[in-house]
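Participant: Structure file query30.csv (CSV, C-alpha atoms) right here:
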chain,number,residue,atom,x,y,z
A,70,MET,CA,-1.4,-8.6,-6.3
A,71,LYS,CA,1.8,-6.8,-5.4
A,72,LEU,CA,2.3,-3.6,-7.4
A,73,GLY,CA,4.9,-0.9,-7.3
A,74,LEU,CA,3.9,2.7,-7.6
A,75,VAL,CA,6.3,5.4,-8.6
A,76,GLY,CA,5.0,8.9,-7.8
A,77,LEU,CA,2.9,9.5,-4.7
A,78,GLY,CA,1.3,12.9,-5.4
A,79,ARG,CA,-2.4,13.6,-5.2
A,80,MET,CA,-3.3,10.9,-7.7
A,81,GLY,CA,-0.6,8.3,-6.9
A,82,SER,CA,-1.1,8.4,-3.2
A,83,ASN,CA,-4.9,8.0,-3.5
A,84,MET,CA,-4.4,5.1,-5.9
A,85,ARG,CA,-2.1,3.4,-3.5
A,86,GLU,CA,-4.7,3.7,-0.7
A,87,ARG,CA,-7.6,2.5,-2.9
A,88,LEU,CA,-5.5,-0.6,-3.9
A,89,ARG,CA,-4.7,-1.3,-0.3
A,90,ASP,CA,-8.4,-0.9,0.7
A,91,ARG,CA,-9.2,-3.6,-1.8
A,92,GLY,CA,-6.7,-6.1,-0.6
A,93,HIS,CA,-3.7,-5.4,-2.9
A,94,ASP,CA,-0.1,-5.0,-1.6
A,95,ALA,CA,0.7,-1.6,-3.1
A,96,VAL,CA,4.3,-0.4,-2.4
A,97,GLY,CA,5.1,3.2,-3.3
A,98,TYR,CA,8.2,5.2,-4.0
A,99,ASP,CA,8.4,9.0,-4.1
A,100,PRO,CA,11.4,11.4,-3.7
A,101,ASN,CA,9.6,12.8,-0.7
A,102,PRO,CA,10.6,10.5,2.2
A,103,GLU,CA,7.5,11.5,4.2
A,104,VAL,CA,5.2,9.7,1.9
A,105,SER,CA,7.5,7.0,0.4
A,106,ASP,CA,7.4,3.4,1.5
A,107,VAL,CA,10.9,2.7,0.4
A,108,ALA,CA,14.1,4.7,0.2
A,109,SER,CA,14.8,4.5,-3.5
A,110,LEU,CA,13.6,3.2,-6.9
A,111,GLU,CA,16.1,0.4,-6.6
A,112,ALA,CA,14.6,-0.6,-3.2
A,113,LEU,CA,11.1,-0.6,-4.8
A,114,VAL,CA,12.2,-3.1,-7.5
A,115,GLU,CA,13.9,-5.3,-4.9
A,116,VAL,CA,10.8,-5.8,-2.8
A,117,LEU,CA,8.6,-6.8,-5.8
A,118,PRO,CA,8.3,-10.4,-6.7
A,119,ALA,CA,9.1,-11.4,-10.3
A,120,PRO,CA,7.5,-10.9,-12.8
A,121,ARG,CA,7.2,-7.4,-11.4
A,122,ALA,CA,4.6,-4.7,-12.3
A,123,VAL,CA,5.4,-1.0,-11.7
A,124,TRP,CA,2.9,1.7,-12.3
A,125,VAL,CA,4.4,5.2,-13.0
A,126,MET,CA,2.4,8.3,-11.9
A,127,VAL,CA,4.9,11.2,-12.4
A,128,PRO,CA,4.6,14.4,-14.4
A,129,ALA,CA,4.9,14.1,-18.2
A,130,GLY,CA,8.0,14.9,-20.1
A,131,GLN,CA,11.5,14.7,-18.5
A,132,PRO,CA,10.4,13.3,-15.1
A,133,THR,CA,8.6,10.3,-16.8
A,134,ARG,CA,11.5,9.8,-19.3
A,135,GLU,CA,14.0,9.6,-16.4
A,136,VAL,CA,11.9,7.1,-14.5
A,137,ILE,CA,11.3,4.9,-17.5
A,138,GLY,CA,15.0,5.1,-18.3
A,139,GLN,CA,16.0,4.0,-14.8
A,140,LEU,CA,13.4,1.2,-14.8
A,141,SER,CA,14.8,-0.1,-18.1
A,142,HIS,CA,18.0,-0.9,-16.3
A,143,LEU,CA,16.5,-2.1,-13.0
A,144,LEU,CA,13.8,-4.4,-14.2
A,145,SER,CA,14.1,-7.8,-15.8
A,146,PRO,CA,12.7,-9.4,-18.9
A,147,GLY,CA,9.0,-10.3,-18.4
A,148,ASP,CA,8.5,-7.4,-16.0
A,149,LEU,CA,5.8,-4.8,-16.8
A,150,VAL,CA,5.7,-1.0,-16.7
A,151,VAL,CA,2.4,1.0,-16.7
A,152,ASP,CA,2.5,4.8,-17.4
A,153,GLY,CA,-0.6,6.2,-15.9
A,154,GLY,CA,0.5,9.8,-16.0
A,155,ASN,CA,-0.4,12.5,-18.5
A,156,SER,CA,2.4,11.7,-21.0
A,157,ARG,CA,2.0,12.7,-24.7
A,158,PHE,CA,0.9,9.7,-26.6
A,159,THR,CA,4.0,9.9,-28.9
A,160,ASP,CA,6.2,9.4,-25.9
A,161,ASP,CA,4.5,6.0,-25.3
A,162,HIS,CA,6.0,4.7,-28.5
A,163,VAL,CA,9.5,5.8,-27.4
A,164,HIS,CA,9.0,4.3,-23.9
A,165,ALA,CA,7.6,1.0,-25.2
A,166,ALA,CA,10.5,0.7,-27.6
A,167,LEU,CA,13.1,1.4,-25.0
A,168,LEU,CA,11.7,-1.1,-22.5
A,169,ALA,CA,11.2,-3.7,-25.3
A,170,GLU,CA,15.0,-3.7,-25.9
A,171,HIS,CA,15.3,-5.2,-22.4
A,172,GLY,CA,12.4,-7.6,-22.7
A,173,ILE,CA,10.2,-5.4,-20.5
A,174,HIS,CA,6.5,-5.0,-21.3
A,175,TYR,CA,4.7,-1.6,-21.5
A,176,VAL,CA,1.1,-0.5,-21.1
A,177,ASP,CA,-0.2,3.1,-21.2
A,178,CYS,CA,-3.3,4.0,-19.3
A,179,GLY,CA,-5.3,7.2,-19.3
A,180,VAL,CA,-6.5,7.7,-15.7
A,181,SER,CA,-9.2,10.1,-14.7
A,182,GLY,CA,-10.8,10.7,-11.3
A,183,GLY,CA,-8.9,13.5,-9.7
A,184,VAL,CA,-8.7,13.7,-5.9
A,185,TRP,CA,-12.0,11.9,-5.5
A,186,GLY,CA,-10.6,8.8,-7.1
A,187,ARG,CA,-9.9,7.0,-3.8
A,188,GLN,CA,-13.5,7.3,-2.8
A,189,ASN,CA,-15.3,7.0,-6.2
A,190,GLY,CA,-12.8,5.1,-8.3
A,191,TYR,CA,-11.1,6.0,-11.6
A,192,ALA,CA,-12.0,5.8,-15.3
A,193,LEU,CA,-9.3,3.8,-17.0
A,194,MET,CA,-8.4,3.6,-20.7
A,195,ALA,CA,-5.5,1.2,-21.4
A,196,GLY,CA,-3.5,0.5,-24.4
A,197,GLY,CA,-1.1,-2.4,-24.9
A,198,ASP,CA,-0.9,-6.1,-25.6
A,199,GLU,CA,-4.0,-8.2,-24.6
A,200,THR,CA,-1.8,-10.5,-22.4
A,201,ASP,CA,-0.5,-7.6,-20.4
A,202,ILE,CA,-3.9,-6.1,-20.0
A,203,THR,CA,-5.3,-9.4,-18.7
A,204,ARG,CA,-2.4,-9.6,-16.2
A,205,LEU,CA,-3.3,-6.2,-14.8
A,206,LEU,CA,-7.1,-6.8,-14.6
A,207,PRO,CA,-7.0,-7.3,-10.8
A,208,VAL,CA,-5.5,-3.8,-10.5
A,209,PHE,CA,-7.9,-2.3,-13.0
A,210,ASP,CA,-10.8,-3.8,-11.1
A,211,ALA,CA,-9.7,-2.4,-7.8
A,212,LEU,CA,-9.1,1.1,-9.2
A,213,ARG,CA,-12.3,1.4,-11.3
A,214,PRO,CA,-15.6,2.6,-9.8
A,215,ASP,CA,-17.7,-0.2,-8.3
A,216,GLY,CA,-20.0,-1.8,-10.8
A,217,GLU,CA,-19.5,-3.3,-14.2
A,218,ARG,CA,-15.9,-3.2,-15.5
A,219,ALA,CA,-17.2,-2.6,-19.1
A,220,ASP,CA,-18.5,0.8,-18.2
A,221,SER,CA,-15.5,2.3,-16.5
A,222,PHE,CA,-12.5,0.4,-17.9
A,223,VAL,CA,-11.7,-0.1,-21.6
A,224,HIS,CA,-8.8,-1.7,-23.4
A,225,ALA,CA,-9.0,1.0,-26.0
A,226,GLY,CA,-5.8,0.6,-27.9
A,227,GLY,CA,-4.3,-2.3,-29.9
A,228,SER,CA,-1.0,-4.1,-29.3
A,229,VAL,CA,1.0,-0.9,-29.5
A,230,PRO,CA,0.6,1.5,-26.6
A,231,GLY,CA,0.0,5.2,-27.1
A,232,THR,CA,-3.6,5.2,-28.3
A,233,THR,CA,-5.5,5.9,-25.1
A,234,ARG,CA,-4.5,9.4,-23.8
A,235,ARG,CA,-7.8,11.0,-23.2
A,236,TRP,CA,-9.5,14.1,-24.5
A,237,CYS,CA,-12.1,15.6,-22.2
A,238,THR,CA,-14.8,17.1,-24.3
A,239,THR,CA,-17.8,15.3,-25.9
A,240,ALA,CA,-18.5,16.2,-29.5
A,241,SER,CA,-14.9,17.3,-30.4
A,242,SER,CA,-13.4,14.2,-28.7
A,243,THR,CA,-15.7,12.0,-30.8
A,244,ASP,CA,-14.4,13.7,-33.9
A,245,LEU,CA,-10.8,13.4,-32.8
A,246,CYS,CA,-11.2,9.7,-31.9
A,247,ARG,CA,-12.8,9.0,-35.2
A,248,ARG,CA,-10.2,10.8,-37.2
A,249,THR,CA,-7.4,9.1,-35.2
A,250,GLN,CA,-9.1,5.8,-35.9
A,251,LYS,CA,-9.4,6.5,-39.6
A,252,LEU,CA,-5.8,7.8,-40.0
A,253,ARG,CA,-4.4,4.6,-38.4
A,254,THR,CA,-6.5,2.1,-40.3
A,255,ALA,CA,-3.4,0.9,-42.1
A,256,ARG,CA,-1.8,0.2,-38.7
A,257,ALA,CA,-4.6,-1.6,-36.9
A,258,GLU,CA,-2.5,-2.4,-33.9
A,259,GLU,CA,-2.4,1.3,-33.0
A,260,SER,CA,-6.0,2.2,-33.7
A,261,ILE,CA,-8.6,3.2,-31.1
A,262,GLN,CA,-10.7,0.1,-31.5
A,263,ASP,CA,-13.9,1.1,-29.8
A,264,VAL,CA,-14.7,4.8,-29.6
A,265,PRO,CA,-18.1,4.3,-27.9
A,266,ALA,CA,-16.4,2.2,-25.2
A,267,VAL,CA,-13.9,5.0,-24.5
A,268,LEU,CA,-16.8,7.4,-24.0
A,269,ARG,CA,-18.6,4.9,-21.7
A,270,ALA,CA,-15.4,4.8,-19.6
A,271,TRP,CA,-15.4,8.6,-19.3
A,272,SER,CA,-19.0,8.4,-18.0
A,273,GLN,CA,-17.8,6.5,-14.9
A,274,GLY,CA,-15.3,8.0,-12.5
A,275,THR,CA,-14.0,11.0,-14.5
A,276,VAL,CA,-14.5,14.6,-13.5
A,277,VAL,CA,-16.2,15.2,-16.9
A,278,ARG,CA,-19.0,12.7,-16.3
A,279,SER,CA,-22.4,14.3,-17.0
A,280,TRP,CA,-25.9,13.7,-18.2
A,281,LEU,CA,-24.8,15.0,-21.6
A,282,LEU,CA,-22.0,12.4,-21.8
A,283,ASP,CA,-24.5,9.7,-20.8
A,284,LEU,CA,-26.8,10.8,-23.6
A,285,LEU,CA,-24.0,10.7,-26.1
A,286,VAL,CA,-23.1,7.2,-25.0
A,287,GLN,CA,-26.8,6.3,-25.5
A,288,ALA,CA,-26.8,7.8,-29.0
A,289,LEU,CA,-23.7,5.9,-30.0
A,290,SER,CA,-25.1,2.7,-28.6
A,291,GLU,CA,-28.0,3.1,-30.9
A,292,ASP,CA,-25.9,4.1,-33.9
A,293,PRO,CA,-22.1,3.6,-33.3
A,294,ALA,CA,-21.0,5.4,-36.4
A,295,LEU,CA,-23.8,8.0,-36.3
A,296,SER,CA,-24.3,7.0,-39.9
A,297,SER,CA,-28.0,7.6,-40.0
A,298,ILE,CA,-28.0,11.3,-39.3
A,299,SER,CA,-26.4,14.4,-40.7
A,300,GLY,CA,-24.4,16.9,-38.7
A,301,TYR,CA,-26.7,19.7,-39.9
A,302,THR,CA,-28.0,21.5,-36.9
A,303,GLU,CA,-31.0,23.9,-37.0
A,304,ASP,CA,-31.4,26.9,-34.7
A,305,SER,CA,-34.8,27.9,-33.4
A,306,GLY,CA,-33.9,31.6,-32.9
A,307,GLU,CA,-33.2,31.9,-29.2
A,308,GLY,CA,-29.5,31.8,-29.7
A,309,ARG,CA,-29.5,34.5,-32.3
A,310,TRP,CA,-31.7,36.7,-30.2
A,311,THR,CA,-29.5,36.3,-27.2
A,312,VAL,CA,-26.4,37.1,-29.1
A,313,GLU,CA,-28.0,40.2,-30.7
A,314,GLU,CA,-29.1,41.4,-27.2
A,315,ALA,CA,-25.6,40.7,-25.8
A,316,ILE,CA,-24.1,42.8,-28.6
A,317,ALA,CA,-26.6,45.6,-28.1
A,318,HIS,CA,-25.8,45.8,-24.4
A,319,ALA,CA,-22.1,45.1,-24.7
A,320,VAL,CA,-22.4,41.9,-22.6
A,321,PRO,CA,-19.7,39.3,-23.3
A,322,ALA,CA,-21.3,36.0,-24.3
A,323,PRO,CA,-18.5,34.0,-25.9
A,324,VAL,CA,-19.9,30.5,-25.2
A,325,ILE,CA,-23.4,31.0,-26.7
A,326,SER,CA,-21.9,32.9,-29.6
A,327,ALA,CA,-19.5,30.1,-30.3
A,328,ALA,CA,-22.4,27.6,-30.0
A,329,LEU,CA,-24.5,29.6,-32.6
A,330,PHE,CA,-21.6,29.8,-35.0
A,331,ALA,CA,-21.0,26.1,-34.6
A,332,ARG,CA,-24.5,25.5,-35.8
A,333,PHE,CA,-23.8,27.6,-38.8
A,334,ALA,CA,-20.6,25.6,-39.4
A,335,SER,CA,-22.7,22.4,-39.2
A,336,ARG,CA,-24.5,23.4,-42.4
A,337,GLN,CA,-21.3,23.1,-44.3
A,338,ASP,CA,-19.1,20.0,-44.6
A,339,ASP,CA,-20.4,17.1,-42.5
A,340,SER,CA,-18.2,16.0,-39.5
A,341,PRO,CA,-18.4,13.4,-36.7
A,342,ALA,CA,-18.4,16.3,-34.1
A,343,MET,CA,-21.5,17.9,-35.5
A,344,LYS,CA,-23.2,14.5,-35.9
A,345,ALA,CA,-22.6,14.1,-32.1
A,346,VAL,CA,-24.1,17.5,-31.5
A,347,SER,CA,-27.2,16.6,-33.5
A,348,ALA,CA,-27.5,13.3,-31.7
A,349,LEU,CA,-27.3,15.0,-28.3
A,350,ARG,CA,-30.0,17.6,-29.2
A,351,GLN,CA,-32.3,14.7,-30.2
A,352,GLN,CA,-31.5,12.8,-27.0
A,353,PHE,CA,-32.1,15.6,-24.5
A,354,GLY,CA,-34.7,17.7,-26.3
A,355,GLY,CA,-36.3,15.5,-28.9
A,356,HIS,CA,-35.2,18.0,-31.5
A,357,ALA,CA,-35.7,17.1,-35.1
A,358,ILE,CA,-32.7,15.9,-37.0
A,359,ARG,CA,-31.8,15.8,-40.7
A,360,ARG,CA,-31.3,12.3,-41.9
A,361,ALA,CA,-28.1,11.5,-43.8
A,362,ALA,CA,-28.5,10.9,-47.5
A,363,PRO,CA,-28.1,7.3,-48.6
A,364,ALA,CA,-24.6,6.3,-49.7
A,365,GLY,CA,-24.0,7.4,-53.3
A,366,ILE,CA,-26.6,10.1,-53.2
A,367,ALA,CA,-25.5,13.8,-53.0
What does this structure look like when you write it as structure tokens?
Facilitator:
Amino acid sequence: MKLGLVGLGRMGSNMRERLRDRGHDAVGYDPNPEVSDVASLEALVEVLPAPRAVWVMVPAGQPTREVIGQLSHLLSPGDLVVDGGNSRFTDDHVHAALLAEHGIHYVDCGVSGGVWGRQNGYALMAGGDETDITRLLPVFDALRPDGERADSFVHAGGSVPGTTRRWCTTASSTDLCRRTQKLRTARAEESIQDVPAVLRAWSQGTVVRSWLLDLLVQALSEDPALSSISGYTEDSGEGRWTVEEAIAHAVPAPVISAALFARFASRQDDSPAMKAVSALRQQFGGHAIRRAAPAGIA
């Protein structure tokens, strides 16, 4: 597949080379002539066969807005733009609407993998129309880590882009995804359709992949809504004693203190974040959990 890339910084240049390594014709444009394959954005569009696909990897905010604006005038109906940068998700709605006025398709894609992406592959979380996602699958397959696509690539959003910008923590991200999903129930085309699949994608190729994330994915595969457990988290004493000694000796211990207070918070109103914490403790330590009360029982 022939793909245009705009922005050849640390991420963009490595993505170009990974695509080339896997047989794709990736042509890049960057204001820095030392790394650019073509002299201008106009020249990039000219060398791409219709219907064109252009992947944007420039800084969020005004730089992305300027590139999207230029592409809206340079591309043709049926062409496709992907924003793989770190844009705020609300900007995706604006970009999609602008391009749609010209008949140009739009996909947003959260990309994680850092400078190791060329070697190890990238975790990819895409939002947009199913037809556009299918069209880009050869590119997603080349960029993702080797192995099963289902583990490192996810079509996380519905037909409207802007639902896949990632959050890089485990318990709190589960809560945020769930709440975003709940708030957008009335507009299903914008919802995060499969929260466990998003977390599975994070477990392959991202810089936040870890055993804890793998365990959370396992817990969600066993109970996708974590409906069978309560967020109530016990403490066995070690955390309290450590914080007490830290106070006694004037030693800063902000992380373990926050963890202890989070356990206290878990004993108040239930939340998906604390359910995730309980599930993780059971997964890695076999700790006892408090079962959720059946529906309708206080």
Participant: Using all atoms listed in the file, determine which residues lie at most 6 Å from stretch 139-152 of chain A, disregarding the query and same-chain residues fewer than 4 positions distant; provide the list as a list in words.
Facilitator: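 Listed by chain and then number, they are Pro120, Arg121, Ala122, Val123, Trp124, Val125, Leu168, Gly172, Ile173, His174, Tyr175, Val176 and Asp177 of chain A.
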Participant: Let me see the file: selected residues, C-alpha atoms, as an mmCIF file, keeping the file's coordinate frame.
Facilitator:
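Dumped everything to result32.cif:
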data_model
loop_
_atom_site.group_PDB
_atom_site.id
_atom_site.type_symbol
_atom_site.label_atom_id
_atom_site.label_comp_id
_atom_site.auth_asym_id
_atom_site.auth_seq_id
_atom_site.Cartn_x
_atom_site.Cartn_y
_atom_site.Cartn_z
ATOM 1 C CA PRO A 120 7.500 -10.900 -12.800
ATOM 2 C CA ARG A 121 7.200 -7.400 -11.400
ATOM 3 C CA ALA A 122 4.600 -4.700 -12.300
ATOM 4 C CA VAL A 123 5.400 -1.000 -11.700
ATOM 5 C CA TRP A 124 2.900 1.700 -12.300
ATOM 6 C CA VAL A 125 4.400 5.200 -13.000
ATOM 7 C CA LEU A 168 11.700 -1.100 -22.500
ATOM 8 C CA GLY A 172 12.400 -7.600 -22.700
ATOM 9 C CA ILE A 173 10.200 -5.400 -20.500
ATOM 10 C CA HIS A 174 6.500 -5.000 -21.300
ATOM 11 C CA TYR A 175 4.700 -1.600 -21.500
ATOM 12 C CA VAL A 176 1.100 -0.500 -21.100
ATOM 13 C CA ASP A 177 -0.200 3.100 -21.200
#
Participant: Report the distance between atom CA of A:Gly138 and atom CA of A:Arg157 in Å, rounded to one decimal place.
Facilitator: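 According to the coordinates, atom CA of A:Gly138 and atom CA of A:Arg157 are separated by 16.4 Å.
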Participant: One number please: atom CA of A:Tyr98 to atom CA of A:Val75, in Å, one decimal.
Facilitator: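 About the pair atom CA of A:Tyr98 and atom CA of A:Val75: they are 5.0 Å apart.
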Participant: Counting only C-alpha atoms, select every polymer residue within 12 Å of (7.5, 11.7, -16.3) as defined in the file's coordinates, and provide the selection as an NGL selection string.
Facilitator: :A and (75-76 or 124-139 or 151-157 or 160-161 or 164)
Participant: Calculate how many Å separate atom CA of A:Asp215 from atom CA of A:Gly190, rounding to one decimal.
Facilitator: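 One can read the atom CA of A:Asp215 to atom CA of A:Gly190 distance as 7.2 Å.
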Participant: Show me the residues close to (8.3, 5.8, -4.1) - anything with an atom within 9 Å, counting all atoms listed in the file - and format the list as a ChimeraX atom specification.
Facilitator: /A:73-77,96-102,104-110,113
Participant: For A:Arg336, which residue out of A:Gly183, A:Val114, A:Arg359, A:Leu206 is the nearest one, using all atoms listed in the file?
Facilitator: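 Closest candidate: A:Arg359.
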